[in-house]
$ cat upload.txt   # compact mmCIF, C-alpha atoms and all ligand atoms
# COMPACT_ATOMS: atom_id res chain seq x y z
CA MET A 161 20.17 17.57 -29.10
CA LYS A 162 18.83 14.46 -30.84
CA ILE A 163 18.15 11.69 -28.31
CA LEU A 164 17.53 8.09 -29.34
CA ILE A 165 15.74 6.16 -26.59
CA PHE A 166 15.89 2.37 -26.42
CA GLY A 167 13.06 0.85 -24.34
CA ASN A 168 9.52 1.57 -25.47
CA GLY A 169 8.17 1.33 -21.92
CA TYR A 170 7.12 3.49 -19.00
CA ILE A 171 10.22 5.63 -18.47
CA GLY A 172 11.34 5.79 -22.10
CA ASN A 173 7.98 7.21 -23.07
CA ARG A 174 7.72 9.59 -20.08
CA CYS A 175 11.07 11.10 -21.12
CA ALA A 176 10.06 11.29 -24.78
CA GLU A 177 6.79 13.10 -23.94
CA GLN A 178 8.78 15.76 -22.12
CA TRP A 179 11.58 16.11 -24.67
CA GLY A 180 9.23 16.43 -27.68
CA ASP A 181 10.94 16.72 -31.07
CA GLU A 182 14.38 16.12 -29.60
CA ALA A 183 13.59 12.47 -28.75
CA ILE A 184 12.77 9.32 -30.69
CA VAL A 185 11.69 6.09 -28.94
CA SER A 186 12.93 2.96 -30.71
CA ASP A 187 10.69 -0.08 -30.49
CA ARG A 188 13.48 -2.36 -31.75
CA ILE A 189 14.20 -5.32 -29.48
CA VAL A 190 18.00 -5.41 -29.32
CA VAL A 191 19.40 -8.94 -29.43
CA THR A 192 22.67 -8.26 -31.24
CA LYS A 193 25.03 -5.31 -31.48
CA HIS A 194 23.94 -4.92 -35.11
CA ASP A 195 20.30 -4.38 -34.09
CA ALA A 196 21.46 -1.39 -32.05
CA LEU A 197 23.88 -0.12 -34.71
CA ASP A 198 21.11 -0.24 -37.36
CA GLU A 199 18.91 1.98 -35.19
CA ILE A 200 21.77 4.39 -34.44
CA LYS A 201 22.68 4.65 -38.14
CA LYS A 202 19.03 5.16 -39.09
CA HIS A 203 18.35 7.94 -36.57
CA GLN A 204 21.84 9.53 -36.28
CA PRO A 205 21.37 10.64 -32.64
CA ASP A 206 23.76 12.87 -30.70
CA VAL A 207 23.18 10.69 -27.61
CA VAL A 208 21.41 7.48 -26.57
CA LEU A 209 19.28 6.79 -23.49
CA ASN A 210 18.98 3.12 -22.56
CA ALA A 211 15.60 2.82 -20.85
CA ALA A 212 15.19 -0.81 -21.95
CA GLY A 213 15.20 -3.63 -19.47
CA ILE A 214 13.34 -6.52 -17.91
CA LYS A 215 11.75 -5.72 -14.56
CA GLY A 216 9.27 -8.61 -14.44
CA ARG A 217 5.49 -8.68 -14.56
CA PRO A 218 3.51 -8.27 -12.39
CA ASN A 219 6.68 -7.57 -10.38
CA VAL A 220 10.37 -8.47 -9.95
CA ASP A 221 9.52 -11.86 -8.44
CA TRP A 222 8.91 -12.99 -12.05
CA CYS A 223 12.67 -12.64 -12.65
CA GLU A 224 13.41 -15.27 -9.98
CA ASN A 225 12.25 -18.04 -12.35
CA ASN A 226 13.14 -16.33 -15.64
CA GLN A 227 16.82 -15.75 -15.03
CA LEU A 228 18.12 -16.01 -18.61
CA ILE A 229 15.57 -13.59 -20.10
CA THR A 230 16.38 -11.19 -17.25
CA ILE A 231 20.14 -11.55 -17.81
CA GLN A 232 19.63 -10.98 -21.56
CA GLY A 233 17.60 -7.78 -21.03
CA ASN A 234 19.43 -6.24 -18.08
CA THR A 235 23.05 -7.34 -18.52
CA ILE A 236 23.83 -8.58 -22.04
CA MET A 237 21.68 -6.07 -23.92
CA PRO A 238 23.15 -2.95 -22.21
CA LEU A 239 26.68 -4.20 -22.96
CA LEU A 240 25.81 -4.76 -26.65
CA LEU A 241 24.23 -1.31 -26.76
CA ALA A 242 27.37 0.22 -25.20
CA GLN A 243 29.51 -1.52 -27.85
CA ALA A 244 27.28 -0.18 -30.63
CA CYS A 245 27.31 3.37 -29.18
CA ASN A 246 31.09 3.22 -28.81
CA GLU A 247 31.54 2.15 -32.44
CA ALA A 248 29.21 4.93 -33.58
CA GLY A 249 30.96 7.49 -31.35
CA VAL A 250 27.77 8.25 -29.41
CA TYR A 251 27.45 8.78 -25.63
CA MET A 252 25.03 6.47 -23.83
CA LEU A 253 23.17 7.11 -20.58
CA HIS A 254 22.12 3.76 -19.11
CA MET A 255 19.32 3.41 -16.56
CA GLY A 256 20.48 1.57 -13.50
CA SER A 257 18.65 0.82 -10.29
CA GLY A 258 19.31 1.68 -6.66
CA CYS A 259 17.94 -1.76 -5.73
CA ILE A 260 21.44 -3.24 -6.11
CA PHE A 261 21.97 -2.14 -2.48
CA TYR A 262 20.34 -3.99 0.41
CA GLY A 263 20.10 -2.40 3.85
CA ASP A 264 22.54 0.12 5.34
CA SER A 265 25.98 0.89 3.93
CA LEU A 266 29.05 0.85 6.16
CA HIS A 267 29.42 4.66 5.93
CA ALA A 268 28.62 6.72 9.03
CA ASP A 269 25.40 8.10 7.47
CA LYS A 270 24.43 4.56 6.31
CA ALA A 271 23.79 5.86 2.76
CA TRP A 272 25.28 4.19 -0.32
CA LYS A 273 27.68 6.22 -2.47
CA GLU A 274 27.91 5.96 -6.24
CA GLY A 275 31.20 4.03 -6.16
CA ASP A 276 30.16 1.48 -3.52
CA PHE A 277 29.94 -2.17 -4.50
CA GLY A 278 26.43 -3.60 -4.66
CA ASN A 279 25.22 -6.45 -2.47
CA PRO A 280 22.18 -7.55 -4.49
CA GLY A 281 20.04 -10.51 -3.50
CA ALA A 282 17.26 -10.91 -6.07
CA VAL A 283 17.84 -11.97 -9.69
CA TYR A 284 16.64 -8.61 -11.05
CA SER A 285 19.05 -6.70 -8.79
CA ARG A 286 21.97 -8.99 -9.61
CA THR A 287 21.50 -8.50 -13.35
CA LYS A 288 21.31 -4.70 -12.94
CA TRP A 289 24.47 -4.69 -10.80
CA SER A 290 26.33 -6.90 -13.34
CA ALA A 291 25.71 -4.32 -16.06
CA ASP A 292 26.82 -1.44 -13.79
CA LEU A 293 30.03 -3.25 -12.88
CA CYS A 294 31.13 -3.41 -16.54
CA LEU A 295 29.58 -0.21 -17.92
CA SER A 296 31.11 1.93 -15.15
CA THR A 297 34.58 1.22 -16.62
CA LEU A 298 33.70 3.05 -19.86
CA ASP A 299 34.40 6.75 -20.50
CA ASP A 300 31.53 7.31 -22.92
CA VAL A 301 28.80 5.85 -20.71
CA GLY A 302 26.85 7.35 -17.83
CA ILE A 303 24.78 5.26 -15.42
CA ALA A 304 21.71 6.87 -13.85
CA ARG A 305 20.41 4.83 -10.93
CA ILE A 306 16.85 5.54 -9.89
CA ARG A 307 14.69 4.22 -7.02
CA MET A 308 10.95 3.70 -6.70
CA PRO A 309 9.69 6.22 -9.28
CA ILE A 310 6.97 8.61 -8.06
CA ASP A 311 5.01 10.35 -10.78
CA TRP A 312 2.12 12.81 -11.02
CA LYS A 313 0.85 10.73 -13.95
CA PRO A 314 -1.13 7.68 -12.78
CA SER A 315 0.29 4.41 -14.15
CA GLU A 316 1.11 0.89 -12.97
CA GLY A 317 4.83 1.72 -12.69
CA ASN A 318 4.16 4.69 -10.39
CA LEU A 319 4.87 4.06 -6.67
CA ILE A 320 1.72 6.04 -5.77
CA ASN A 321 -0.44 3.59 -7.76
CA LYS A 322 1.46 0.61 -6.39
CA LEU A 323 1.22 1.55 -2.69
CA ALA A 324 -2.38 2.74 -2.99
CA GLY A 325 -3.24 -0.60 -4.65
CA TYR A 326 -1.82 -2.82 -1.88
CA LYS A 327 -4.01 -3.99 0.99
CA LYS A 328 -0.94 -4.66 3.12
CA VAL A 329 2.00 -2.24 3.05
CA ILE A 330 5.41 -2.29 4.75
CA ASP A 331 6.48 0.92 6.44
CA VAL A 332 10.07 1.40 5.37
CA GLU A 333 12.19 4.45 4.63
CA ASN A 334 13.89 4.85 1.27
CA SER A 335 15.52 7.14 -1.21
CA VAL A 336 13.06 7.74 -4.05
CA THR A 337 13.01 9.34 -7.49
CA ILE A 338 10.44 11.93 -8.48
CA ILE A 339 9.89 11.44 -12.21
CA ASP A 340 9.68 15.15 -13.18
CA ASP A 341 13.06 15.76 -11.53
CA MET A 342 14.53 12.59 -13.05
CA ILE A 343 13.57 13.60 -16.59
CA ASP A 344 15.27 16.96 -16.08
CA VAL A 345 18.42 15.34 -14.62
CA PHE A 346 18.61 12.80 -17.47
CA TYR A 347 18.44 15.66 -19.98
CA GLN A 348 21.29 17.49 -18.25
CA LEU A 349 23.43 14.33 -18.02
CA LEU A 350 22.84 13.65 -21.73
CA LYS A 351 23.69 17.26 -22.62
CA LYS A 352 26.90 17.13 -20.58
CA GLN A 353 27.67 13.56 -21.74
CA ALA A 354 28.60 12.88 -18.14
CA PRO A 355 30.49 9.61 -17.50
CA GLY A 356 30.28 7.34 -14.46
CA ILE A 357 27.60 6.54 -11.95
CA PHE A 358 24.92 8.96 -10.74
CA HIS A 359 22.29 8.43 -8.07
CA VAL A 360 19.24 10.17 -9.46
CA THR A 361 17.28 10.30 -6.21
CA ASN A 362 15.80 13.33 -4.47
CA PRO A 363 17.73 14.42 -1.36
CA GLY A 364 16.16 13.09 1.86
CA LEU A 365 14.26 9.91 2.65
CA MET A 366 10.62 9.00 2.29
CA LYS A 367 8.57 6.62 4.46
CA HIS A 368 5.76 4.70 2.78
CA LYS A 369 3.54 6.03 5.58
CA ASP A 370 4.31 9.62 4.50
CA LEU A 371 3.23 8.88 0.95
CA ILE A 372 0.01 7.15 2.05
CA SER A 373 -0.82 10.05 4.44
CA LEU A 374 -0.53 12.50 1.55
CA TYR A 375 -2.59 10.16 -0.63
CA ILE A 376 -5.37 10.14 1.97
CA LYS A 377 -5.18 13.93 2.37
CA TYR A 378 -5.14 14.88 -1.33
CA VAL A 379 -6.43 11.93 -3.39
CA ASP A 380 -8.77 9.60 -1.47
CA ALA A 381 -9.94 10.41 2.06
CA ASP A 382 -11.51 6.91 2.38
CA HIS A 383 -8.30 5.01 1.58
CA SER A 384 -7.00 2.54 4.16
CA CYS A 385 -4.40 -0.23 4.35
CA GLU A 386 -2.87 -2.63 6.86
CA TRP A 387 0.72 -1.92 7.94
CA ILE A 388 2.99 -4.97 8.07
CA THR A 389 6.70 -5.59 8.71
CA GLU A 390 9.35 -6.37 6.11
CA GLU A 391 9.52 -9.94 7.44
CA ASP A 392 5.73 -10.36 6.97
CA LEU A 393 6.13 -9.56 3.27
CA VAL A 394 7.93 -12.84 2.59
CA SER A 395 6.45 -14.96 5.42
CA ASP A 396 2.87 -14.05 4.34
CA GLY A 397 3.74 -15.08 0.75
CA ILE A 398 3.20 -11.54 -0.63
CA ALA A 399 6.75 -11.47 -2.11
CA LYS A 400 9.14 -14.31 -2.99
CA LYS A 401 12.29 -12.45 -1.97
CA ALA A 402 12.94 -9.57 0.40
CA ARG A 403 12.86 -6.19 -1.32
CA SER A 404 15.79 -3.79 -1.28
CA ASN A 405 15.35 -0.80 1.05
CA ASN A 406 18.08 1.78 1.30
CA ALA A 407 19.33 5.35 1.33
CA LEU A 408 21.43 6.62 -1.57
CA SER A 409 23.62 9.71 -1.49
CA ASN A 410 23.82 11.64 -4.75
CA THR A 411 27.01 13.64 -4.38
CA ARG A 412 28.19 13.16 -7.99
CA LEU A 413 25.30 15.13 -9.51
CA ALA A 414 26.48 18.22 -7.62
CA GLN A 415 29.92 17.87 -9.24
CA TYR A 416 28.14 18.45 -12.57
CA GLY A 417 26.13 21.39 -11.20
CA ILE A 418 22.89 19.35 -11.18
CA LYS A 419 20.38 19.69 -8.33
CA MET A 420 17.19 17.85 -7.42
CA ARG A 421 14.43 19.18 -5.17
CA PRO A 422 14.33 17.89 -1.57
CA VAL A 423 12.05 14.86 -1.44
CA ASN A 424 9.38 16.43 0.82
CA GLU A 425 8.92 19.42 -1.48
CA ALA A 426 8.90 17.32 -4.67
CA LEU A 427 6.56 14.70 -3.17
CA LEU A 428 3.97 17.26 -2.06
CA ASP A 429 4.02 18.92 -5.48
CA THR A 430 3.71 15.54 -7.22
CA ILE A 431 0.84 14.21 -5.10
CA LYS A 432 -1.16 17.42 -5.69
CA LYS A 433 -0.62 17.08 -9.46
CA TYR A 434 -1.50 13.37 -9.22
CA ALA A 435 -4.79 14.24 -7.46
CA GLU A 436 -5.56 16.71 -10.25
CA ALA A 437 -4.77 14.07 -12.91
CA LYS A 438 -7.10 11.59 -11.14
CA ARG A 439 -9.90 14.19 -11.06
CA THR A 440 -9.42 14.82 -14.80
CA GLU A 441 -9.42 11.04 -15.43
CA ARG A 442 -12.77 10.68 -13.58
CA ASN A 443 -14.48 13.58 -15.44
N1 LIG A 501 10.35 1.55 -13.07
C1 LIG A 501 11.10 1.29 -12.00
O1 LIG A 501 10.59 1.09 -10.88
C2 LIG A 501 12.59 1.26 -12.14
C3 LIG A 501 13.39 1.44 -11.00
C4 LIG A 501 14.77 1.39 -11.16
C5 LIG A 501 15.32 1.16 -12.42
N2 LIG A 501 14.51 0.97 -13.50
C6 LIG A 501 15.13 0.66 -14.78
O2 LIG A 501 14.68 1.60 -15.73
C7 LIG A 501 14.58 1.00 -17.02
C8 LIG A 501 13.20 1.32 -17.60
O3 LIG A 501 12.20 0.84 -16.72
P1 LIG A 501 10.67 0.97 -17.06
O4 LIG A 501 9.96 1.14 -15.78
O5 LIG A 501 10.43 1.96 -18.16
O6 LIG A 501 10.38 -0.51 -17.62
P2 LIG A 501 9.33 -0.99 -18.72
O7 LIG A 501 8.10 -0.16 -18.68
O8 LIG A 501 9.18 -2.47 -18.56
O9 LIG A 501 10.08 -0.67 -20.09
C9 LIG A 501 11.22 -1.35 -20.49
C10 LIG A 501 11.08 -1.60 -21.97
O10 LIG A 501 12.28 -2.23 -22.44
C11 LIG A 501 11.88 -3.22 -23.37
N3 LIG A 501 12.94 -4.20 -23.59
C12 LIG A 501 13.23 -5.31 -22.87
N4 LIG A 501 14.28 -5.95 -23.42
C13 LIG A 501 14.65 -5.22 -24.49
C14 LIG A 501 15.66 -5.37 -25.48
N5 LIG A 501 16.51 -6.41 -25.49
N6 LIG A 501 15.76 -4.44 -26.46
C15 LIG A 501 14.92 -3.37 -26.48
N7 LIG A 501 13.93 -3.19 -25.59
C16 LIG A 501 13.81 -4.11 -24.60
C17 LIG A 501 10.62 -3.80 -22.77
O11 LIG A 501 9.89 -4.54 -23.70
P3 LIG A 501 8.88 -5.70 -23.18
O12 LIG A 501 7.80 -4.98 -22.44
O13 LIG A 501 8.44 -6.33 -24.45
O14 LIG A 501 9.69 -6.60 -22.30
C18 LIG A 501 9.90 -2.52 -22.33
O15 LIG A 501 9.19 -1.95 -23.40
C19 LIG A 501 14.86 -0.49 -16.80
O16 LIG A 501 16.21 -0.74 -17.13
C20 LIG A 501 14.67 -0.70 -15.32
O17 LIG A 501 15.49 -1.73 -14.82
C21 LIG A 501 13.17 1.03 -13.38
$ encode --input "upload.txt" --output "structure tokens" --more "lines below"
Ligand SMILES: NC(=O)c1ccc[n+]([C@@H]2O[C@H](COP(=O)([O-])OP(=O)(O)OC[C@H]3O[C@@H](n4cnc5c(N)ncnc54)[C@H](OP(=O)(O)O)[C@@H]3O)[C@@H](O)[C@H]2O)c1
Amino acid sequence: MKILIFGNGYIGNRCAEQWGDEAIVSDRIVVTKHDALDEIKKHQPDVVLNAAGIKGRPNVDWCENNQLITIQGNTIMPLLLAQACNEAGVYMLHMGSGCIFYGDSLHADKAWKEGDFGNPGAVYSRTKWSADLCLSTLDDVGIARIRMPIDWKPSEGNLINKLAGYKKVIDVENSVTIIDDMIDVFYQLLKKQAPGIFHVTNPGLMKHKDLISLYIKYVDADHSCEWITEEDLVSDGIAKKARSNNALSNTRLAQYGIKMRPVNEALLDTIKKYAEAKRTERN
């Protein structure tokens, strides 16, 4: 399978490393449909992964004052890419985000299902939801929503690095995505050219406190942080807007015969590999 990846960033490159000769990462910034079509014609892929987007630097608060750039990257660009893929007869898997859901759903288990409507607050989340709303009507597009990526490879996009780097941390419970599992699921969705929305999150929930406890046990015994409430995050000026916290159910993956490891098992495995990677980095 020849996979053309748009988005020369964290996740695009993590997937490409794993997929080797089967993947090409495009560094083309897509502004028009023709930019995307040029790349597709040049590389002749079987499938496309859209891992491009604007998530704000140093964090999503940046999007609050840069609305049009965020809309261009997260809403307009994916629609242009979908048009180009459709014209070229190529399936596209688009990366969505679970942060389009805020709080508990109205279902008995409080988890959000793939077909639920989003209730996004922040600009970043609204632009991601806008793309999902349109792209989910197309038969040749899949949407893979991830949440808070956790990776054995240290990097600024990795939730382990983020939480370990904060002096003050909120203790919330969330669905999360272990990157090794995500890369495998993306490959299977691309292979099956699966349409519709998928929640690519490991079964179960993770508390920030659980991750930090494992970090202290396996990576840095001297690590410490202050625990604060969600309300403190905004009132102390640490974040401009409240962050999305939620549980996602991923029932649609099972319909395609795709499984992810339970979060506790995958997290333990990942933190041990992360500790090993840190040791190698230091030596
Ligand atoms: N990482 C997460 O926590 C997370 C969670 C949920 C969903 N996602 C989604 O996953 C996708 C990939 O995230 P990531 O963490 O890999 O982000 P990333 O490291 O910022 O990579 C995204 C890449 O897309 C590029 N890009 C922006 N606009 C583009 C355009 N019009 N055409 C082509 N490339 C463009 C960016 O270039 P510049 O750097 O020049 O802007 C960057 O290289 C995004 O759609 C994001 O919303 C990420």
$ residues_near_ligand --input "upload.txt" --ligand "ligand LIG 501 (chain A)" --cutoff "8 Å" --atoms "all atoms listed in the file" --output "PyMOL selection string"
chain A and resi 166-173+186-191+210-216+232-234+237+254-259+284+288+305-309+317-319
$ write_last_selection --input "upload.txt" --atoms "C-alpha atoms" --output "tab-separated table (two decimals), keeping the file's coordinate frame"
chain	number	residue	atom	x	y	z
A	166	PHE	CA	15.89	2.37	-26.42
A	167	GLY	CA	13.06	0.85	-24.34
A	168	ASN	CA	9.52	1.57	-25.47
A	169	GLY	CA	8.17	1.33	-21.92
A	170	TYR	CA	7.12	3.49	-19.00
A	171	ILE	CA	10.22	5.63	-18.47
A	172	GLY	CA	11.34	5.79	-22.10
A	173	ASN	CA	7.98	7.21	-23.07
A	186	SER	CA	12.93	2.96	-30.71
A	187	ASP	CA	10.69	-0.08	-30.49
A	188	ARG	CA	13.48	-2.36	-31.75
A	189	ILE	CA	14.20	-5.32	-29.48
A	190	VAL	CA	18.00	-5.41	-29.32
A	191	VAL	CA	19.40	-8.94	-29.43
A	210	ASN	CA	18.98	3.12	-22.56
A	211	ALA	CA	15.60	2.82	-20.85
A	212	ALA	CA	15.19	-0.81	-21.95
A	213	GLY	CA	15.20	-3.63	-19.47
A	214	ILE	CA	13.34	-6.52	-17.91
A	215	LYS	CA	11.75	-5.72	-14.56
A	216	GLY	CA	9.27	-8.61	-14.44
A	232	GLN	CA	19.63	-10.98	-21.56
A	233	GLY	CA	17.60	-7.78	-21.03
A	234	ASN	CA	19.43	-6.24	-18.08
A	237	MET	CA	21.68	-6.07	-23.92
A	254	HIS	CA	22.12	3.76	-19.11
A	255	MET	CA	19.32	3.41	-16.56
A	256	GLY	CA	20.48	1.57	-13.50
A	257	SER	CA	18.65	0.82	-10.29
A	258	GLY	CA	19.31	1.68	-6.66
A	259	CYS	CA	17.94	-1.76	-5.73
A	284	TYR	CA	16.64	-8.61	-11.05
A	288	LYS	CA	21.31	-4.70	-12.94
A	305	ARG	CA	20.41	4.83	-10.93
A	306	ILE	CA	16.85	5.54	-9.89
A	307	ARG	CA	14.69	4.22	-7.02
A	308	MET	CA	10.95	3.70	-6.70
A	309	PRO	CA	9.69	6.22	-9.28
A	317	GLY	CA	4.83	1.72	-12.69
A	318	ASN	CA	4.16	4.69	-10.39
A	319	LEU	CA	4.87	4.06	-6.67
$ closest_residue --input "upload.txt" --among "A:Ala248, A:Leu293, A:Ile338, A:Leu253" --to "Trp312 of chain A" --atoms "all atoms listed in the file"
A:Ile338
$ residues_around --input "upload.txt" --residues "segment 402-406 of chain A" --least-positions-apart "4" --cutoff "12 Å" --atoms "all atoms listed in the file" --output "PyMOL selection string"
chain A and resi 219-221+224+257-265+269-273+278-286+306-308+330-336+361+364-368+389-398
$ closest_residue --input "upload.txt" --among "A:Ala268, A:Lys193, A:Ala304, A:Ser409" --to "Glu247 of chain A" --atoms "only C-alpha atoms"
A:Lys193
$ atom_distance --input "upload.txt" --atom1 "atom CA of Asp195 of chain A" --atom2 "atom CA of Leu241 of chain A"
8.9 Å
